[in-house]
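So the structure is just underneath, and the comments pick up after that.
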Amino acid sequence: MDRIDRFDRFDEASQTPAPPVTFTGRKTLVAAAVAVVLIAGALLIRPARGGDDARPPGPSERAAAAVGMGAPAAAVDLAALVADREKWVAAHPDDEASWAVLGAAYVEQARRSADSGWFPKAEKALKRSLEARPAEKGNLDAMTGMGALANARRDFGTGKKWGELVRAQAPKRWAAYPVLVDAYTGLGDYKAAQRAMEELMELRPGLAAYVRASQVYRDRGWREDAAMSMEHAAGAAKAPAEKAYALFRLGELSWERGDPSEALRQYEGSLRTDPAQAEALGGRARALAALGRTGEAVRDYRLALGRTPLPQLARELGELLESLGREQEARVPYDMLGALAARDNTNGVDDDVVLGLYEADHGDPAAAVRRLSEEWLRHKSMPVADALGWALHKAGEDEAALEYAKKATEPGLRSAEFAYHRAMIERGLGDEAATRRHLEEAMRTNPHFSPLRAPLAKEALAAIGQPPPGGPEHLQPTAPWVAPELPKAAKPKPAAPPAEPKPKPSAPTAPGTSGASGA
């Protein structure tokens, strides 16, 4: 009974409401102070992370991300990044990572502006990073930047050395492989370039990988694969500057396959996406000239040269003006080409291919041969082989020229300019059949490849004409064909009947016995 009473008292107590809790002023202050201490302790234990900030990245952060990914950066963002890192390294001169970022930003600034004056600054910043942390201690960012700088200067041998050094220390570091693809391509080692591209695609498929894949496929002559890869690059773009660059490269591919209308559409799309994409402005000028809108083309060339003064654009404008009969005006961009090449040479940039082609067509072919022969010793690529072959042709050495023309056209790149150069060399050697074949190839590939040389190619093809009907003379029969008398087939002999089997002889009997046995 005592146990039951105790349980009853527990039930009554559980049903009795608890007295209300009241806080005095002192208790309230103590509770608030405890809460503040707990919150502060939690913040000390778990500090704020970058992902907690909902604000979008600033201009310098966007440019740093793009440069780190090997992607084009917007001009405004790039300027902000340069200013930010310059200020930082002035106060922190031993920060090797910031020096490497600043050097890479200078390289991208040179690419965007076509001002080679940024290259010495980039070299100084990257070397400062390597002083703070040498290559032997794994300064991979600075080493990768040095490789990219060498490739931008078209010193592909040095670019290869830096890229391979990074790969040896960190084989899985994807940033080394774009450097290697560009370096191997510039050196003419197209198989190595393809292998490096495939490794890049395995390690990090994205904008940089798709751009290099397109480049490798183009050099192999796989135009559809090149275009598809560049479309993938446009799809992988995360910023307007990246998208604009991919559209510009799609325009270049369309131009090379002889479709100026499609090329114009891509160039204009690039300019709408990023009006500062001056390379697309030069491409649009080229497409407009092919479509007969020469006034607009001259305007765009001049605008492009004002924004990105490239020697190649100066050569194209000069040849366009010359094709229009405006030789006096053409002297201005031609003189600009020489001045730009001299500036680039001072800053360590190799412009020997474009200079050699200009000298072969408009200057001293012998000087072009000397210049391009030295370039061939450094870079055995298809563009160098084509330029050297053309310079030798202009200097009257067609037999030697043909060997280099074959090196330019046989690996697979489908270039109307290369095919035209080879055709003219073969014409100089008196090989009309080969001349006709390569002139037709040039016209099929891109009938608008040059405002000066495309009309000459059409005239040469018309002058050669078509081959005579019936094939070459030494293959034509001297008399009408008569069916020969074939020997008649002999009648088959009848098969001999099978021989009858001979009867077996009976066994001999013993004397005194008869054939029947007795009982």
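We label chains A, B, ... in the order they appear in the structure tokens, count residues from 1 in each chain, and number ligands from 1 in the order shown.
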| said: Give me, as a ChimeraX atom specification, all polymer residues having an atom no more than 12 Å from Pro93 (chain A), counting only C-alpha atoms and skipping those fewer than 5 positions away in the same chain. | reply: /A:85-88,98-100,125,128-129,131-133
| query | Between A:Ser450, A:Arg153, A:Gly325, A:Asn139, which one has atoms that come closest to Ala287 (chain A), using only C-alpha atoms? | reply |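 Of all the options, A:Ser450 lies closest to Ala287 (chain A).
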| request: Please provide the set of residues having any atom within 9 Å of Pro411 (chain A), restricted to only C-alpha atoms, with same-chain residues fewer than 6 positions apart removed, written as a PyMOL selection string. | output: chain A and resi 190+219-221+382
Expected file: the selected residues, N, CA, C and O atoms, as a PDB file, in the first residue's frame:
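Saved to result-v9.pdb:
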```pdb
ATOM      1  N   TYR A 190      53.906  17.890 -84.232  1.00  0.00           N
ATOM      2  CA  TYR A 190      52.450  17.825 -84.132  1.00  0.00           C
ATOM      3  C   TYR A 190      51.968  16.566 -83.418  1.00  0.00           C
ATOM      4  O   TYR A 190      50.900  16.584 -82.791  1.00  0.00           O
ATOM      5  N   ASP A 219      45.265  21.614 -87.384  1.00  0.00           N
ATOM      6  CA  ASP A 219      46.567  21.332 -87.980  1.00  0.00           C
ATOM      7  C   ASP A 219      46.606  19.969 -88.653  1.00  0.00           C
ATOM      8  O   ASP A 219      47.414  19.752 -89.559  1.00  0.00           O
ATOM      9  N   ARG A 220      45.752  19.053 -88.223  1.00  0.00           N
ATOM     10  CA  ARG A 220      45.682  17.747 -88.863  1.00  0.00           C
ATOM     11  C   ARG A 220      44.772  17.755 -90.091  1.00  0.00           C
ATOM     12  O   ARG A 220      44.680  16.766 -90.808  1.00  0.00           O
ATOM     13  N   GLY A 221      44.053  18.843 -90.317  1.00  0.00           N
ATOM     14  CA  GLY A 221      43.124  18.918 -91.435  1.00  0.00           C
ATOM     15  C   GLY A 221      41.739  18.422 -91.120  1.00  0.00           C
ATOM     16  O   GLY A 221      40.909  18.282 -92.024  1.00  0.00           O
ATOM     17  N   MET A 382      54.743  24.125 -90.014  1.00  0.00           N
ATOM     18  CA  MET A 382      54.173  24.302 -91.354  1.00  0.00           C
ATOM     19  C   MET A 382      54.195  25.756 -91.822  1.00  0.00           C
ATOM     20  O   MET A 382      54.553  26.016 -92.979  1.00  0.00           O
TER      21      MET A 382
END
```
| query | Which one of A:Glu252, A:Asp361, A:Glu296, A:Asp259 sits closest to Glu279 (chain A) if you count only C-alpha atoms? | reply |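 Among the listed residues, the smallest separation from Glu279 (chain A) belongs to A:Glu252.
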| field | Shell around Val384 (chain A) at 9 Å using only C-alpha atoms, local window under 4 positions removed, as JSON, numbers by chain | value | {"A": [352, 353, 372, 373, 375, 376, 379, 380, 388, 389, 404, 408]}
| query | Given the choices A:Ala416, A:Ala244, A:Leu264, A:Met424, which gets closest to Ala290 (chain A) if the distance is worked out from only C-alpha atoms? | reply | A:Leu264
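Non-sequential neighbours of Pro260 (chain A) (distance at most 9 Å, separation of 2 or more positions within a chain, only C-alpha atoms) are A:Gly251, A:Ser254, A:Trp255, A:Glu256, A:Arg257, A:Gly258, A:Glu262, A:Ala263, A:Leu264, A:Arg265, A:Arg286, A:Ala287, A:Leu288, A:Ala290, A:Leu291, A:His448.
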Keeping only N, CA, C and O atoms, write the selected residues as a PDB file, in the first residue's frame.
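Final file, out28.pdb:
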```pdb
ATOM      1  N   GLY A 251      35.047  32.070 -86.009  1.00  0.00           N
ATOM      2  CA  GLY A 251      35.100  32.876 -87.225  1.00  0.00           C
ATOM      3  C   GLY A 251      36.339  32.593 -88.051  1.00  0.00           C
ATOM      4  O   GLY A 251      36.280  32.515 -89.291  1.00  0.00           O
ATOM      5  N   SER A 254      35.789  29.370 -89.908  1.00  0.00           N
ATOM      6  CA  SER A 254      34.883  29.567 -91.044  1.00  0.00           C
ATOM      7  C   SER A 254      35.584  30.272 -92.193  1.00  0.00           C
ATOM      8  O   SER A 254      35.369  29.952 -93.366  1.00  0.00           O
ATOM      9  N   TRP A 255      36.414  31.243 -91.868  1.00  0.00           N
ATOM     10  CA  TRP A 255      37.159  31.953 -92.911  1.00  0.00           C
ATOM     11  C   TRP A 255      38.089  31.003 -93.661  1.00  0.00           C
ATOM     12  O   TRP A 255      38.153  31.020 -94.891  1.00  0.00           O
ATOM     13  N   GLU A 256      38.796  30.163 -92.930  1.00  0.00           N
ATOM     14  CA  GLU A 256      39.755  29.270 -93.573  1.00  0.00           C
ATOM     15  C   GLU A 256      39.089  28.268 -94.502  1.00  0.00           C
ATOM     16  O   GLU A 256      39.716  27.813 -95.464  1.00  0.00           O
ATOM     17  N   ARG A 257      37.846  27.908 -94.225  1.00  0.00           N
ATOM     18  CA  ARG A 257      37.173  26.958 -95.121  1.00  0.00           C
ATOM     19  C   ARG A 257      36.360  27.657 -96.212  1.00  0.00           C
ATOM     20  O   ARG A 257      35.558  27.033 -96.899  1.00  0.00           O
ATOM     21  N   GLY A 258      36.571  28.975 -96.380  1.00  0.00           N
ATOM     22  CA  GLY A 258      36.005  29.687 -97.517  1.00  0.00           C
ATOM     23  C   GLY A 258      34.562  30.114 -97.358  1.00  0.00           C
ATOM     24  O   GLY A 258      33.847  30.217 -98.360  1.00  0.00           O
ATOM     25  N   GLU A 262      29.549  33.206 -93.001  1.00  0.00           N
ATOM     26  CA  GLU A 262      29.514  32.598 -91.668  1.00  0.00           C
ATOM     27  C   GLU A 262      30.602  33.190 -90.780  1.00  0.00           C
ATOM     28  O   GLU A 262      30.388  33.427 -89.583  1.00  0.00           O
ATOM     29  N   ALA A 263      31.777  33.432 -91.354  1.00  0.00           N
ATOM     30  CA  ALA A 263      32.852  34.047 -90.577  1.00  0.00           C
ATOM     31  C   ALA A 263      32.430  35.429 -90.078  1.00  0.00           C
ATOM     32  O   ALA A 263      32.668  35.780 -88.913  1.00  0.00           O
ATOM     33  N   LEU A 264      31.784  36.201 -90.942  1.00  0.00           N
ATOM     34  CA  LEU A 264      31.325  37.531 -90.543  1.00  0.00           C
ATOM     35  C   LEU A 264      30.326  37.432 -89.385  1.00  0.00           C
ATOM     36  O   LEU A 264      30.373  38.223 -88.435  1.00  0.00           O
ATOM     37  N   ARG A 265      29.450  36.451 -89.438  1.00  0.00           N
ATOM     38  CA  ARG A 265      28.459  36.283 -88.372  1.00  0.00           C
ATOM     39  C   ARG A 265      29.141  35.971 -87.035  1.00  0.00           C
ATOM     40  O   ARG A 265      28.765  36.523 -85.993  1.00  0.00           O
ATOM     41  N   ARG A 286      38.542  41.311 -92.746  1.00  0.00           N
ATOM     42  CA  ARG A 286      38.913  40.322 -93.758  1.00  0.00           C
ATOM     43  C   ARG A 286      37.673  39.751 -94.454  1.00  0.00           C
ATOM     44  O   ARG A 286      37.644  39.598 -95.680  1.00  0.00           O
ATOM     45  N   ALA A 287      36.639  39.438 -93.664  1.00  0.00           N
ATOM     46  CA  ALA A 287      35.418  38.874 -94.239  1.00  0.00           C
ATOM     47  C   ALA A 287      34.689  39.898 -95.107  1.00  0.00           C
ATOM     48  O   ALA A 287      34.165  39.561 -96.176  1.00  0.00           O
ATOM     49  N   LEU A 288      34.649  41.142 -94.664  1.00  0.00           N
ATOM     50  CA  LEU A 288      33.990  42.187 -95.448  1.00  0.00           C
ATOM     51  C   LEU A 288      34.681  42.382 -96.793  1.00  0.00           C
ATOM     52  O   LEU A 288      34.020  42.581 -97.818  1.00  0.00           O
ATOM     53  N   ALA A 290      36.258  40.108 -98.482  1.00  0.00           N
ATOM     54  CA  ALA A 290      35.902  38.967 -99.338  1.00  0.00           C
ATOM     55  C   ALA A 290      34.502  39.112 -99.893  1.00  0.00           C
ATOM     56  O   ALA A 290      34.220  38.635-101.007  1.00  0.00           O
ATOM     57  N   LEU A 291      33.611  39.772 -99.165  1.00  0.00           N
ATOM     58  CA  LEU A 291      32.232  39.956 -99.615  1.00  0.00           C
ATOM     59  C   LEU A 291      32.062  41.188-100.494  1.00  0.00           C
ATOM     60  O   LEU A 291      30.940  41.540-100.860  1.00  0.00           O
ATOM     61  N   HIS A 448      38.716  33.229-101.515  1.00  0.00           N
ATOM     62  CA  HIS A 448      38.935  34.637-101.155  1.00  0.00           C
ATOM     63  C   HIS A 448      40.167  34.803-100.278  1.00  0.00           C
ATOM     64  O   HIS A 448      40.271  35.771 -99.532  1.00  0.00           O
TER      65      HIS A 448
END
```
| Interatomic distance between CA of Glu123 (chain A) and CA of Leu149 (chain A)? |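 A separation of 7.4 Å between them.
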| said: For Arg331 (chain A), find every residue with an atom within 9 Å (counting only C-alpha atoms), except residues of its own chain fewer than 5 positions away, and show them as a list in words. | reply: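 So, after excluding close chain neighbours, the residues are Gly318, Glu322 and Met336 of chain A.
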| said: For region 183-186 of chain A, find every residue with an atom within 6 Å (counting only C-alpha atoms), except residues of its own chain fewer than 6 positions away, and show them as a VMD selection string. | reply: chain A and resid 156 159 to 160 193 381
Output the selection as a PDB file, in the first residue's frame - N, CA, C and O atoms for each residue.
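Below is the file again-v9.pdb, written as the result:
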```pdb
ATOM      1  N   PHE A 156      59.391  29.102 -78.994  1.00  0.00           N
ATOM      2  CA  PHE A 156      58.746  27.854 -78.615  1.00  0.00           C
ATOM      3  C   PHE A 156      59.714  26.841 -78.000  1.00  0.00           C
ATOM      4  O   PHE A 156      59.285  25.985 -77.217  1.00  0.00           O
ATOM      5  N   GLY A 159      59.655  27.753 -74.409  1.00  0.00           N
ATOM      6  CA  GLY A 159      58.356  27.364 -73.864  1.00  0.00           C
ATOM      7  C   GLY A 159      58.284  25.873 -73.597  1.00  0.00           C
ATOM      8  O   GLY A 159      57.742  25.438 -72.567  1.00  0.00           O
ATOM      9  N   LYS A 160      58.847  25.078 -74.499  1.00  0.00           N
ATOM     10  CA  LYS A 160      58.870  23.624 -74.303  1.00  0.00           C
ATOM     11  C   LYS A 160      59.671  23.256 -73.059  1.00  0.00           C
ATOM     12  O   LYS A 160      59.252  22.394 -72.261  1.00  0.00           O
ATOM     13  N   ALA A 193      52.226  17.406 -79.791  1.00  0.00           N
ATOM     14  CA  ALA A 193      51.156  18.346 -79.455  1.00  0.00           C
ATOM     15  C   ALA A 193      49.838  17.611 -79.238  1.00  0.00           C
ATOM     16  O   ALA A 193      49.081  17.923 -78.307  1.00  0.00           O
ATOM     17  N   SER A 381      57.961  24.312 -88.290  1.00  0.00           N
ATOM     18  CA  SER A 381      56.502  24.203 -88.357  1.00  0.00           C
ATOM     19  C   SER A 381      56.017  24.417 -89.790  1.00  0.00           C
ATOM     20  O   SER A 381      56.775  24.851 -90.668  1.00  0.00           O
TER      21      SER A 381
END
```
| message | Given only C-alpha atoms as the basis, pick out the residue of A:Leu203, A:Val166, A:Ala368, A:Leu250 nearest to Arg218 (chain A). | response |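 Once distances to Arg218 (chain A) are computed over only C-alpha atoms, the minimum belongs to A:Leu250.
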